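Here is the file upload_38.pdb (PDB, C-alpha atoms (C1' of nucleotides)).
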ATOM      1  CA  MET T  25     278.064 137.324  90.379  1.00  0.00           C
ATOM      2  CA  SER T  26     278.089 136.096  93.956  1.00  0.00           C
ATOM      3  CA  PHE T  27     280.824 136.531  96.465  1.00  0.00           C
ATOM      4  CA  ALA T  28     281.232 132.798  96.980  1.00  0.00           C
ATOM      5  CA  GLU T  29     281.599 132.317  93.234  1.00  0.00           C
ATOM      6  CA  THR T  30     284.456 134.788  93.180  1.00  0.00           C
ATOM      7  CA  PHE T  31     286.406 132.948  95.858  1.00  0.00           C
ATOM      8  CA  LYS T  32     285.800 129.638  94.118  1.00  0.00           C
ATOM      9  CA  ALA T  33     287.033 131.126  90.879  1.00  0.00           C
ATOM     10  CA  LEU T  34     290.211 132.340  92.560  1.00  0.00           C
ATOM     11  CA  SER T  35     290.870 128.940  94.121  1.00  0.00           C
ATOM     12  CA  ASP T  36     292.205 127.334  90.947  1.00  0.00           C
ATOM     13  CA  PRO T  37     295.863 127.871  89.920  1.00  0.00           C
ATOM     14  CA  VAL T  38     295.059 127.904  86.207  1.00  0.00           C
ATOM     15  CA  ARG T  39     292.499 130.630  86.693  1.00  0.00           C
ATOM     16  CA  ARG T  40     294.832 132.705  88.842  1.00  0.00           C
ATOM     17  CA  GLU T  41     297.466 132.434  86.149  1.00  0.00           C
ATOM     18  CA  ILE T  42     294.957 133.581  83.552  1.00  0.00           C
ATOM     19  CA  LEU T  43     294.216 136.646  85.674  1.00  0.00           C
ATOM     20  CA  THR T  44     297.926 137.343  85.971  1.00  0.00           C
ATOM     21  CA  LEU T  45     298.283 137.123  82.201  1.00  0.00           C
ATOM     22  CA  LEU T  46     295.522 139.691  81.817  1.00  0.00           C
ATOM     23  CA  LYS T  47     297.239 142.135  84.157  1.00  0.00           C
ATOM     24  CA  THR T  48     299.203 143.611  81.276  1.00  0.00           C
ATOM     25  CA  GLY T  49     296.158 143.936  79.045  1.00  0.00           C
ATOM     26  CA  ARG T  50     293.476 142.044  77.207  1.00  0.00           C
ATOM     27  CA  MET T  51     294.178 138.770  75.456  1.00  0.00           C
ATOM     28  CA  SER T  52     292.210 136.531  73.110  1.00  0.00           C
ATOM     29  CA  ALA T  53     290.996 133.117  74.235  1.00  0.00           C
ATOM     30  CA  GLY T  54     293.428 131.423  71.873  1.00  0.00           C
ATOM     31  CA  GLU T  55     296.363 133.468  73.077  1.00  0.00           C
ATOM     32  CA  ILE T  56     295.490 132.624  76.679  1.00  0.00           C
ATOM     33  CA  GLY T  57     295.207 128.974  75.754  1.00  0.00           C
ATOM     34  CA  SER T  58     298.654 128.940  74.182  1.00  0.00           C
ATOM     35  CA  HIS T  59     300.128 129.570  77.639  1.00  0.00           C
ATOM     36  CA  PHE T  60     298.749 126.303  78.962  1.00  0.00           C
ATOM     37  CA  ASP T  61     299.137 122.646  78.212  1.00  0.00           C
ATOM     38  CA  MET T  62     295.426 121.942  77.868  1.00  0.00           C
ATOM     39  CA  THR T  63     292.802 121.948  75.172  1.00  0.00           C
ATOM     40  CA  GLY T  64     290.979 125.086  74.101  1.00  0.00           C
ATOM     41  CA  ALA T  65     287.787 123.603  75.463  1.00  0.00           C
ATOM     42  CA  THR T  66     289.262 123.394  78.928  1.00  0.00           C
ATOM     43  CA  VAL T  67     290.557 126.942  78.775  1.00  0.00           C
ATOM     44  CA  SER T  68     287.106 128.030  77.677  1.00  0.00           C
ATOM     45  CA  TYR T  69     285.664 126.285  80.717  1.00  0.00           C
ATOM     46  CA  HIS T  70     287.965 128.247  83.014  1.00  0.00           C
ATOM     47  CA  LEU T  71     287.273 131.526  81.249  1.00  0.00           C
ATOM     48  CA  ASN T  72     283.578 130.932  81.718  1.00  0.00           C
ATOM     49  CA  ILE T  73     284.037 130.494  85.454  1.00  0.00           C
ATOM     50  CA  LEU T  74     286.055 133.697  85.655  1.00  0.00           C
ATOM     51  CA  LYS T  75     283.379 135.454  83.642  1.00  0.00           C
ATOM     52  CA  LYS T  76     280.552 134.236  85.870  1.00  0.00           C
ATOM     53  CA  ALA T  77     282.540 135.444  88.861  1.00  0.00           C
ATOM     54  CA  ASP T  78     282.856 138.839  87.178  1.00  0.00           C
ATOM     55  CA  LEU T  79     286.602 138.652  87.383  1.00  0.00           C
ATOM     56  CA  VAL T  80     286.894 139.115  83.628  1.00  0.00           C
ATOM     57  CA  TYR T  81     284.746 140.525  80.862  1.00  0.00           C
ATOM     58  CA  GLU T  82     284.948 139.960  77.148  1.00  0.00           C
ATOM     59  CA  GLU T  83     285.119 142.120  74.058  1.00  0.00           C
ATOM     60  CA  ARG T  84     284.213 140.575  70.725  1.00  0.00           C
ATOM     61  CA  GLU T  85     286.110 141.834  67.735  1.00  0.00           C
ATOM     62  CA  LYS T  86     286.270 140.322  64.272  1.00  0.00           C
ATOM     63  CA  ASN T  87     286.820 136.654  64.733  1.00  0.00           C
ATOM     64  CA  PHE T  88     288.254 136.929  68.248  1.00  0.00           C
ATOM     65  CA  ILE T  89     287.025 137.184  71.785  1.00  0.00           C
ATOM     66  CA  TYR T  90     289.287 139.252  73.971  1.00  0.00           C
ATOM     67  CA  TYR T  91     289.301 138.846  77.726  1.00  0.00           C
ATOM     68  CA  ASN T  92     289.944 141.655  80.179  1.00  0.00           C
ATOM     69  CA  LEU T  93     290.593 141.727  83.879  1.00  0.00           C
ATOM     70  CA  ASN T  94     287.829 143.310  85.944  1.00  0.00           C
ATOM     71  CA  THR T  95     289.529 144.820  88.954  1.00  0.00           C
ATOM     72  CA  SER T  96     286.404 146.068  90.727  1.00  0.00           C
ATOM     73  CA  VAL T  97     285.560 142.597  91.973  1.00  0.00           C
ATOM     74  CA  VAL T  98     289.133 142.176  93.168  1.00  0.00           C
ATOM     75  CA  GLU T  99     288.484 145.211  95.349  1.00  0.00           C
ATOM     76  CA  GLU T 100     285.483 143.526  96.915  1.00  0.00           C
ATOM     77  CA  ILE T 101     287.511 140.513  97.903  1.00  0.00           C
ATOM     78  CA  MET T 102     290.154 142.756  99.392  1.00  0.00           C
ATOM     79  CA  LEU T 103     287.505 144.471 101.493  1.00  0.00           C
ATOM     80  CA  TRP T 104     286.355 141.127 102.862  1.00  0.00           C
ATOM     81  CA  LEU T 105     289.933 140.202 103.749  1.00  0.00           C
ATOM     82  CA  LYS T 106     290.581 143.605 105.303  1.00  0.00           C
ATOM     83  CA  ASP T 107     287.543 143.168 107.475  1.00  0.00           C
ATOM     84  CA  LEU T 108     288.712 139.711 108.472  1.00  0.00           C
ATOM     85  CA  ARG T 109     292.099 140.780 109.726  1.00  0.00           C
ATOM     86  CA  GLY T 110     290.546 143.821 111.418  1.00  0.00           C
ATOM     87  CA  ASP T 111     290.473 146.855 109.191  1.00  0.00           C
ATOM     88  CA  ASN T 112     292.380 149.199 111.423  1.00  0.00           C
ATOM     89  CA  ASN T 113     295.332 150.498 109.392  1.00  0.00           C
ATOM     90  CA  GLY T 114     295.700 149.628 105.714  1.00  0.00           C
TER
ATOM     91  CA  MET X  18     301.667 126.356 103.821  1.00  0.00           C
ATOM     92  CA  SER X  19     301.509 127.127 100.141  1.00  0.00           C
ATOM     93  CA  PHE X  20     299.825 130.037  98.506  1.00  0.00           C
ATOM     94  CA  ALA X  21     297.544 127.832  96.429  1.00  0.00           C
ATOM     95  CA  GLU X  22     296.456 126.006  99.574  1.00  0.00           C
ATOM     96  CA  THR X  23     295.392 129.269 101.134  1.00  0.00           C
ATOM     97  CA  PHE X  24     293.167 130.209  98.221  1.00  0.00           C
ATOM     98  CA  LYS X  25     291.642 126.740  98.171  1.00  0.00           C
ATOM     99  CA  ALA X  26     290.958 127.016 101.881  1.00  0.00           C
ATOM    100  CA  LEU X  27     289.207 130.334 101.381  1.00  0.00           C
ATOM    101  CA  SER X  28     287.040 128.960  98.581  1.00  0.00           C
ATOM    102  CA  ASP X  29     284.630 127.118 100.867  1.00  0.00           C
ATOM    103  CA  PRO X  30     281.745 129.009 102.528  1.00  0.00           C
ATOM    104  CA  VAL X  31     281.893 126.945 105.719  1.00  0.00           C
ATOM    105  CA  ARG X  32     285.561 127.724 106.141  1.00  0.00           C
ATOM    106  CA  ARG X  33     285.042 131.411 105.492  1.00  0.00           C
ATOM    107  CA  GLU X  34     282.342 131.432 108.130  1.00  0.00           C
ATOM    108  CA  ILE X  35     284.681 129.745 110.579  1.00  0.00           C
ATOM    109  CA  LEU X  36     287.234 132.479 109.967  1.00  0.00           C
ATOM    110  CA  THR X  37     284.571 135.106 110.527  1.00  0.00           C
ATOM    111  CA  LEU X  38     283.649 133.455 113.817  1.00  0.00           C
ATOM    112  CA  LEU X  39     287.270 133.634 114.911  1.00  0.00           C
ATOM    113  CA  LYS X  40     287.478 137.347 114.165  1.00  0.00           C
ATOM    114  CA  THR X  41     286.261 138.159 117.665  1.00  0.00           C
ATOM    115  CA  GLY X  42     288.647 135.750 119.339  1.00  0.00           C
ATOM    116  CA  ARG X  43     289.597 132.128 119.737  1.00  0.00           C
ATOM    117  CA  MET X  44     286.996 129.393 119.932  1.00  0.00           C
ATOM    118  CA  SER X  45     287.106 125.685 120.727  1.00  0.00           C
ATOM    119  CA  ALA X  46     286.427 123.103 118.019  1.00  0.00           C
ATOM    120  CA  GLY X  47     283.160 122.149 119.696  1.00  0.00           C
ATOM    121  CA  GLU X  48     281.984 125.735 119.972  1.00  0.00           C
ATOM    122  CA  ILE X  49     282.765 126.272 116.298  1.00  0.00           C
ATOM    123  CA  GLY X  50     280.898 123.100 115.436  1.00  0.00           C
ATOM    124  CA  SER X  51     277.795 124.229 117.301  1.00  0.00           C
ATOM    125  CA  HIS X  52     277.396 127.020 114.750  1.00  0.00           C
ATOM    126  CA  PHE X  53     276.954 124.542 111.917  1.00  0.00           C
ATOM    127  CA  ASP X  54     274.554 121.797 111.017  1.00  0.00           C
ATOM    128  CA  MET X  55     277.198 119.158 110.466  1.00  0.00           C
ATOM    129  CA  THR X  56     279.033 116.538 112.480  1.00  0.00           C
ATOM    130  CA  GLY X  57     282.082 117.315 114.559  1.00  0.00           C
ATOM    131  CA  ALA X  58     284.121 115.136 112.239  1.00  0.00           C
ATOM    132  CA  THR X  59     283.255 117.339 109.297  1.00  0.00           C
ATOM    133  CA  VAL X  60     284.081 120.491 111.205  1.00  0.00           C
ATOM    134  CA  SER X  61     287.377 118.922 112.159  1.00  0.00           C
ATOM    135  CA  TYR X  62     288.061 118.259 108.486  1.00  0.00           C
ATOM    136  CA  HIS X  63     287.526 121.927 107.665  1.00  0.00           C
ATOM    137  CA  LEU X  64     289.626 123.099 110.601  1.00  0.00           C
ATOM    138  CA  ASN X  65     292.442 120.904 109.383  1.00  0.00           C
ATOM    139  CA  ILE X  66     292.335 122.505 105.956  1.00  0.00           C
ATOM    140  CA  LEU X  67     292.423 125.971 107.502  1.00  0.00           C
ATOM    141  CA  LYS X  68     295.326 124.894 109.675  1.00  0.00           C
ATOM    142  CA  LYS X  69     297.315 123.482 106.758  1.00  0.00           C
ATOM    143  CA  ALA X  70     296.732 126.760 104.944  1.00  0.00           C
ATOM    144  CA  ASP X  71     298.068 128.590 107.993  1.00  0.00           C
ATOM    145  CA  LEU X  72     294.886 130.573 108.270  1.00  0.00           C
ATOM    146  CA  VAL X  73     294.380 129.380 111.834  1.00  0.00           C
ATOM    147  CA  TYR X  74     296.537 127.991 114.592  1.00  0.00           C
ATOM    148  CA  GLU X  75     295.549 126.017 117.653  1.00  0.00           C
ATOM    149  CA  GLU X  76     296.137 126.286 121.368  1.00  0.00           C
ATOM    150  CA  ARG X  77     295.592 123.187 123.514  1.00  0.00           C
ATOM    151  CA  GLU X  78     294.282 123.775 126.989  1.00  0.00           C
ATOM    152  CA  LYS X  79     292.843 121.242 129.366  1.00  0.00           C
ATOM    153  CA  ASN X  80     290.462 119.111 127.414  1.00  0.00           C
ATOM    154  CA  PHE X  81     289.935 121.647 124.631  1.00  0.00           C
ATOM    155  CA  ILE X  82     291.587 122.758 121.447  1.00  0.00           C
ATOM    156  CA  TYR X  83     291.126 126.441 120.766  1.00  0.00           C
ATOM    157  CA  TYR X  84     291.415 127.838 117.263  1.00  0.00           C
ATOM    158  CA  ASN X  85     292.733 131.289 116.447  1.00  0.00           C
ATOM    159  CA  LEU X  86     292.750 133.351 113.297  1.00  0.00           C
ATOM    160  CA  ASN X  87     296.187 133.917 111.790  1.00  0.00           C
ATOM    161  CA  THR X  88     296.013 137.272 110.062  1.00  0.00           C
ATOM    162  CA  SER X  89     299.523 137.275 108.616  1.00  0.00           C
ATOM    163  CA  VAL X  90     298.526 134.905 105.840  1.00  0.00           C
ATOM    164  CA  VAL X  91     295.497 137.050 105.119  1.00  0.00           C
ATOM    165  CA  GLU X  92     297.982 139.865 104.461  1.00  0.00           C
ATOM    166  CA  GLU X  93     299.800 137.740 101.899  1.00  0.00           C
ATOM    167  CA  ILE X  94     296.623 137.121  99.963  1.00  0.00           C
ATOM    168  CA  MET X  95     295.842 140.810 100.020  1.00  0.00           C
ATOM    169  CA  LEU X  96     299.265 141.545  98.548  1.00  0.00           C
ATOM    170  CA  TRP X  97     298.615 139.161  95.685  1.00  0.00           C
ATOM    171  CA  LEU X  98     295.276 140.818  94.997  1.00  0.00           C
ATOM    172  CA  LYS X  99     296.773 144.284  95.235  1.00  0.00           C
ATOM    173  CA  ASP X 100     299.371 143.328  92.698  1.00  0.00           C
ATOM    174  CA  LEU X 101     296.689 141.941  90.437  1.00  0.00           C
ATOM    175  CA  ARG X 102     294.623 145.083  90.302  1.00  0.00           C
ATOM    176  CA  GLY X 103     297.805 147.176  89.932  1.00  0.00           C
ATOM    177  CA  ASP X 104     299.223 148.279  93.218  1.00  0.00           C
ATOM    178  CA  ASN X 105     299.212 151.973  92.563  1.00  0.00           C
ATOM    179  CA  ASN X 106     297.149 153.571  95.361  1.00  0.00           C
ATOM    180  CA  GLY X 107     295.904 151.488  98.240  1.00  0.00           C
TER
ATOM    181  C1'  DG I  21     277.048 131.287  50.027  1.00  0.00           C
ATOM    182  C1'  DG I  22     281.273 128.592  51.294  1.00  0.00           C
ATOM    183  C1'  DG I  23     285.682 127.446  53.202  1.00  0.00           C
ATOM    184  C1'  DG I  24     288.346 128.777  57.149  1.00  0.00           C
ATOM    185  C1'  DT I  25     289.702 130.111  61.757  1.00  0.00           C
ATOM    186  C1'  DA I  26     288.273 131.002  66.725  1.00  0.00           C
ATOM    187  C1'  DT I  27     285.749 129.696  70.378  1.00  0.00           C
ATOM    188  C1'  DT I  28     282.147 127.431  72.926  1.00  0.00           C
ATOM    189  C1'  DT I  29     278.898 123.596  74.165  1.00  0.00           C
ATOM    190  C1'  DA I  30     277.688 118.723  75.219  1.00  0.00           C
ATOM    191  C1'  DG I  31     278.570 114.628  77.245  1.00  0.00           C
ATOM    192  C1'  DA I  32     281.444 111.442  79.463  1.00  0.00           C
ATOM    193  C1'  DA I  33     285.601 109.980  82.218  1.00  0.00           C
ATOM    194  C1'  DA I  34     288.860 110.982  85.840  1.00  0.00           C
ATOM    195  C1'  DA I  35     290.096 113.323  89.915  1.00  0.00           C
ATOM    196  C1'  DA I  36     289.270 116.010  93.981  1.00  0.00           C
ATOM    197  C1'  DT I  37     286.249 117.592  97.679  1.00  0.00           C
ATOM    198  C1'  DT I  38     282.800 117.249 101.158  1.00  0.00           C
ATOM    199  C1'  DT I  39     280.201 114.674 104.146  1.00  0.00           C
ATOM    200  C1'  DC I  40     278.885 110.880 107.108  1.00  0.00           C
ATOM    201  C1'  DT I  41     279.363 106.879 110.620  1.00  0.00           C
ATOM    202  C1'  DA I  42     282.233 104.364 113.493  1.00  0.00           C
ATOM    203  C1'  DA I  43     286.269 103.935 115.851  1.00  0.00           C
ATOM    204  C1'  DA I  44     290.476 105.836 117.820  1.00  0.00           C
ATOM    205  C1'  DT I  45     293.146 109.161 120.498  1.00  0.00           C
ATOM    206  C1'  DA I  46     293.836 112.616 124.013  1.00  0.00           C
ATOM    207  C1'  DC I  47     293.325 114.554 128.067  1.00  0.00           C
ATOM    208  C1'  DC I  48     290.611 115.585 132.290  1.00  0.00           C
ATOM    209  C1'  DC I  49     289.398 114.616 137.048  1.00  0.00           C
ATOM    210  C1'  DC I  50     287.739 111.393 140.731  1.00  0.00           C
TER
ATOM    211  C1'  DG Y   6     293.637 103.368 136.684  1.00  0.00           C
ATOM    212  C1'  DG Y   7     288.851 104.273 134.868  1.00  0.00           C
ATOM    213  C1'  DG Y   8     284.831 106.656 133.257  1.00  0.00           C
ATOM    214  C1'  DG Y   9     283.845 110.827 130.759  1.00  0.00           C
ATOM    215  C1'  DT Y  10     284.115 114.627 127.508  1.00  0.00           C
ATOM    216  C1'  DA Y  11     286.483 116.771 123.332  1.00  0.00           C
ATOM    217  C1'  DT Y  12     288.379 116.119 119.167  1.00  0.00           C
ATOM    218  C1'  DT Y  13     290.509 113.710 115.400  1.00  0.00           C
ATOM    219  C1'  DT Y  14     291.296 109.792 112.121  1.00  0.00           C
ATOM    220  C1'  DA Y  15     289.798 106.125 108.864  1.00  0.00           C
ATOM    221  C1'  DG Y  16     287.132 104.606 105.343  1.00  0.00           C
ATOM    222  C1'  DA Y  17     283.300 104.860 102.382  1.00  0.00           C
ATOM    223  C1'  DA Y  18     279.452 107.316  99.847  1.00  0.00           C
ATOM    224  C1'  DA Y  19     277.813 111.416  97.523  1.00  0.00           C
ATOM    225  C1'  DT Y  20     278.816 115.500  95.141  1.00  0.00           C
ATOM    226  C1'  DT Y  21     281.489 118.721  92.615  1.00  0.00           C
ATOM    227  C1'  DT Y  22     285.266 119.968  89.697  1.00  0.00           C
ATOM    228  C1'  DT Y  23     288.411 119.417  86.039  1.00  0.00           C
ATOM    229  C1'  DT Y  24     289.589 117.555  81.857  1.00  0.00           C
ATOM    230  C1'  DC Y  25     289.063 115.453  77.372  1.00  0.00           C
ATOM    231  C1'  DT Y  26     287.002 114.416  72.556  1.00  0.00           C
ATOM    232  C1'  DA Y  27     283.691 115.457  69.276  1.00  0.00           C
ATOM    233  C1'  DA Y  28     280.454 118.382  67.576  1.00  0.00           C
ATOM    234  C1'  DA Y  29     278.285 122.896  67.249  1.00  0.00           C
ATOM    235  C1'  DT Y  30     278.239 127.908  66.758  1.00  0.00           C
ATOM    236  C1'  DA Y  31     280.051 132.321  65.334  1.00  0.00           C
ATOM    237  C1'  DC Y  32     282.056 135.253  62.541  1.00  0.00           C
ATOM    238  C1'  DC Y  33     285.430 136.481  58.897  1.00  0.00           C
ATOM    239  C1'  DC Y  34     286.560 137.278  54.107  1.00  0.00           C
ATOM    240  C1'  DC Y  35     286.756 135.777  49.132  1.00  0.00           C
TER
END
Show me this structure written as structure tokens.
Amino acid sequence: MSFAETFKALSDPVRREILTLLKTGRMSAGEIGSHFDMTGATVSYHLNILKKADLVYEEREKNFIYYNLNTSVVEEIMLWLKDLRGDNNG
Amino acid sequence: MSFAETFKALSDPVRREILTLLKTGRMSAGEIGSHFDMTGATVSYHLNILKKADLVYEEREKNFIYYNLNTSVVEEIMLWLKDLRGDNNG
DNA sequence: GGGGTATTTAGAAAAATTTCTAAATACCCC
DNA sequence: GGGGTATTTAGAAATTTTTCTAAATACCCC
């Protein structure tokens, strides 16, 4: 939701890797988990942080929960960074 | 230095505010500190994290240490984000 | 409904971060 | 050199984050 939450969410390497995984399309929680050497509970914890930060959203289907990248919040962060470096050009 | 370090550095609100302060130009450690309700030691801790992340660099003059924003690392972060959202357009 | 798979929640332990106080370093200028 | 200001370093306390295990929830399909 908040801007600060988004930056916090992006600060963890596991969460950034999750976002990278989602670049190519949605993925179930279990599938995401299989890319990491940690329990499903821990992956769920990270997904929840990404969700609260609005960096991902979920779609429930059958017995699965699929996670999707939400790029609109990524845009917001880019705007903040652009402003920081001086938004002339680019 | 590392990419992960930069994101971590950006994840703290105090440090983001420091960067915003530096947008208009360099500022001494003491001047930066006067904008916050915390001890100089704590401000120094945050400045050190920003420095390690290459987000700022320092210039020593007389009895002061001036901090400057380093925008080139900001660019790197923007590239990562651009790639994440799909770098078509923008 | 009941067994089964997928995922989350709760609670606790371990690890990392943020903050403070006190002391140390650095450099100025007389 | 010595007193003075600016800043950092060291070490400890408080807080937050990350992770795990165990249990709970959710939903499927026979």
Subject >> Which residue of T:Val38, T:Leu108, T:Ala53, T:Ala77 approaches chain X most closely, using only C-alpha atoms >> reply: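 Ranking T:Val38, T:Leu108, T:Ala53, T:Ala77 by distance to chain X, first place goes to T:Leu108.
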**OP:** Rank nothing, just name the residue among T:Ser26, T:Ser68, T:Ser58, T:Thr44 nearest to Ile89 in chain T, using only C-alpha atoms.
**Re:** T:Ser68
Could you give me the axis-aligned bounding box of range 69-86 of chain T, with 6 Å of padding per side, as centre plus edge lengths in Å to one decimal, as AutoDock Vina command-line options?
--center_x 284.3 --center_y 134.2 --center_z 76.6 --size_x 19.4 --size_y 27.8 --size_z 36.6
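For the pair CA of Glu82 in chain T and C1' of DC35 in chain Y, the separation is 28.4 Å.
Interatomic distance, CA of Tyr69 in chain T to CA of Leu105 in chain T: 27.2 Å.
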Given identical sequences, can you show me chain X least-squares superposed on chain T via all its Cα atoms in order, as a short mmCIF file (atom, residue, chain, number, x, y, z; two decimals) with C-alpha atoms, keeping the file's coordinate frame?
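Generated file (part_31.cif):
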data_model
loop_
_atom_site.label_atom_id
_atom_site.label_comp_id
_atom_site.auth_asym_id
_atom_site.auth_seq_id
_atom_site.Cartn_x
_atom_site.Cartn_y
_atom_site.Cartn_z
CA MET X 18 278.07 137.31 90.37
CA SER X 19 278.10 136.12 93.95
CA PHE X 20 280.83 136.56 96.46
CA ALA X 21 281.24 132.82 96.98
CA GLU X 22 281.61 132.34 93.24
CA THR X 23 284.47 134.79 93.17
CA PHE X 24 286.41 132.96 95.85
CA LYS X 25 285.80 129.64 94.13
CA ALA X 26 287.04 131.13 90.88
CA LEU X 27 290.22 132.32 92.56
CA SER X 28 290.87 128.92 94.12
CA ASP X 29 292.21 127.33 90.93
CA PRO X 30 295.86 127.86 89.91
CA VAL X 31 295.07 127.90 86.19
CA ARG X 32 292.51 130.62 86.68
CA ARG X 33 294.84 132.68 88.83
CA GLU X 34 297.46 132.42 86.13
CA ILE X 35 294.96 133.58 83.54
CA LEU X 36 294.23 136.63 85.67
CA THR X 37 297.94 137.32 85.98
CA LEU X 38 298.28 137.11 82.20
CA LEU X 39 295.52 139.69 81.83
CA LYS X 40 297.25 142.11 84.18
CA THR X 41 299.19 143.60 81.28
CA GLY X 42 296.15 143.92 79.06
CA ARG X 43 293.47 142.03 77.22
CA MET X 44 294.18 138.76 75.45
CA SER X 45 292.20 136.53 73.10
CA ALA X 46 290.99 133.11 74.24
CA GLY X 47 293.42 131.42 71.88
CA GLU X 48 296.37 133.47 73.08
CA ILE X 49 295.49 132.63 76.67
CA GLY X 50 295.21 128.97 75.75
CA SER X 51 298.65 128.93 74.17
CA HIS X 52 300.13 129.57 77.62
CA PHE X 53 298.76 126.29 78.95
CA ASP X 54 299.14 122.64 78.18
CA MET X 55 295.44 121.94 77.85
CA THR X 56 292.79 121.96 75.16
CA GLY X 57 290.98 125.09 74.10
CA ALA X 58 287.78 123.60 75.45
CA THR X 59 289.27 123.39 78.92
CA VAL X 60 290.56 126.94 78.76
CA SER X 61 287.11 128.02 77.68
CA TYR X 62 285.66 126.28 80.72
CA HIS X 63 287.97 128.24 83.01
CA LEU X 64 287.27 131.52 81.24
CA ASN X 65 283.58 130.93 81.73
CA ILE X 66 284.05 130.48 85.45
CA LEU X 67 286.06 133.69 85.65
CA LYS X 68 283.38 135.46 83.66
CA LYS X 69 280.55 134.22 85.88
CA ALA X 70 282.55 135.43 88.87
CA ASP X 71 282.86 138.82 87.19
CA LEU X 72 286.61 138.64 87.38
CA VAL X 73 286.89 139.11 83.63
CA TYR X 74 284.74 140.52 80.88
CA GLU X 75 284.93 139.95 77.15
CA GLU X 76 285.12 142.12 74.07
CA ARG X 77 284.20 140.58 70.71
CA GLU X 78 286.10 141.85 67.73
CA LYS X 79 286.27 140.33 64.29
CA ASN X 80 286.82 136.65 64.73
CA PHE X 81 288.23 136.93 68.24
CA ILE X 82 287.00 137.19 71.79
CA TYR X 83 289.28 139.26 73.97
CA TYR X 84 289.29 138.84 77.73
CA ASN X 85 289.94 141.65 80.18
CA LEU X 86 290.59 141.72 83.89
CA ASN X 87 287.83 143.30 85.96
CA THR X 88 289.54 144.83 88.96
CA SER X 89 286.43 146.08 90.73
CA VAL X 90 285.58 142.61 91.98
CA VAL X 91 289.15 142.18 93.15
CA GLU X 92 288.51 145.23 95.35
CA GLU X 93 285.49 143.55 96.91
CA ILE X 94 287.52 140.53 97.90
CA MET X 95 290.17 142.76 99.39
CA LEU X 96 287.51 144.48 101.50
CA TRP X 97 286.36 141.15 102.87
CA LEU X 98 289.93 140.22 103.75
CA LYS X 99 290.59 143.60 105.30
CA ASP X 100 287.56 143.19 107.48
CA LEU X 101 288.71 139.74 108.48
CA ARG X 102 292.10 140.80 109.71
CA GLY X 103 290.54 143.85 111.42
CA ASP X 104 290.42 146.87 109.22
CA ASN X 105 292.33 149.20 111.45
CA ASN X 106 295.30 150.48 109.41
CA GLY X 107 295.62 149.61 105.76
#
Original post:
If we count all atoms listed in the file, which residues of chain I reach to within 8 Å of chain T? Please list them as a PyMOL selection string.
Top reply: chain I and resi 25-28
**OP:** Could you expand the PyMOL selection byres ((chain Y) within 9 of (chain T)) into the explicit residues it covers here, written as a PyMOL selection string?
**Re:** chain Y and resi 23-25+31-33
**OP:** Name the residues that the PyMOL selection byres ((chain T and resi 40) around 12) pulls out of this structure, and write them as a ChimeraX atom specification.
**Re:** /T:30-39,41-47,70-71,73-74,79-80,93,98 /X:20-21,24-25,97-98,101
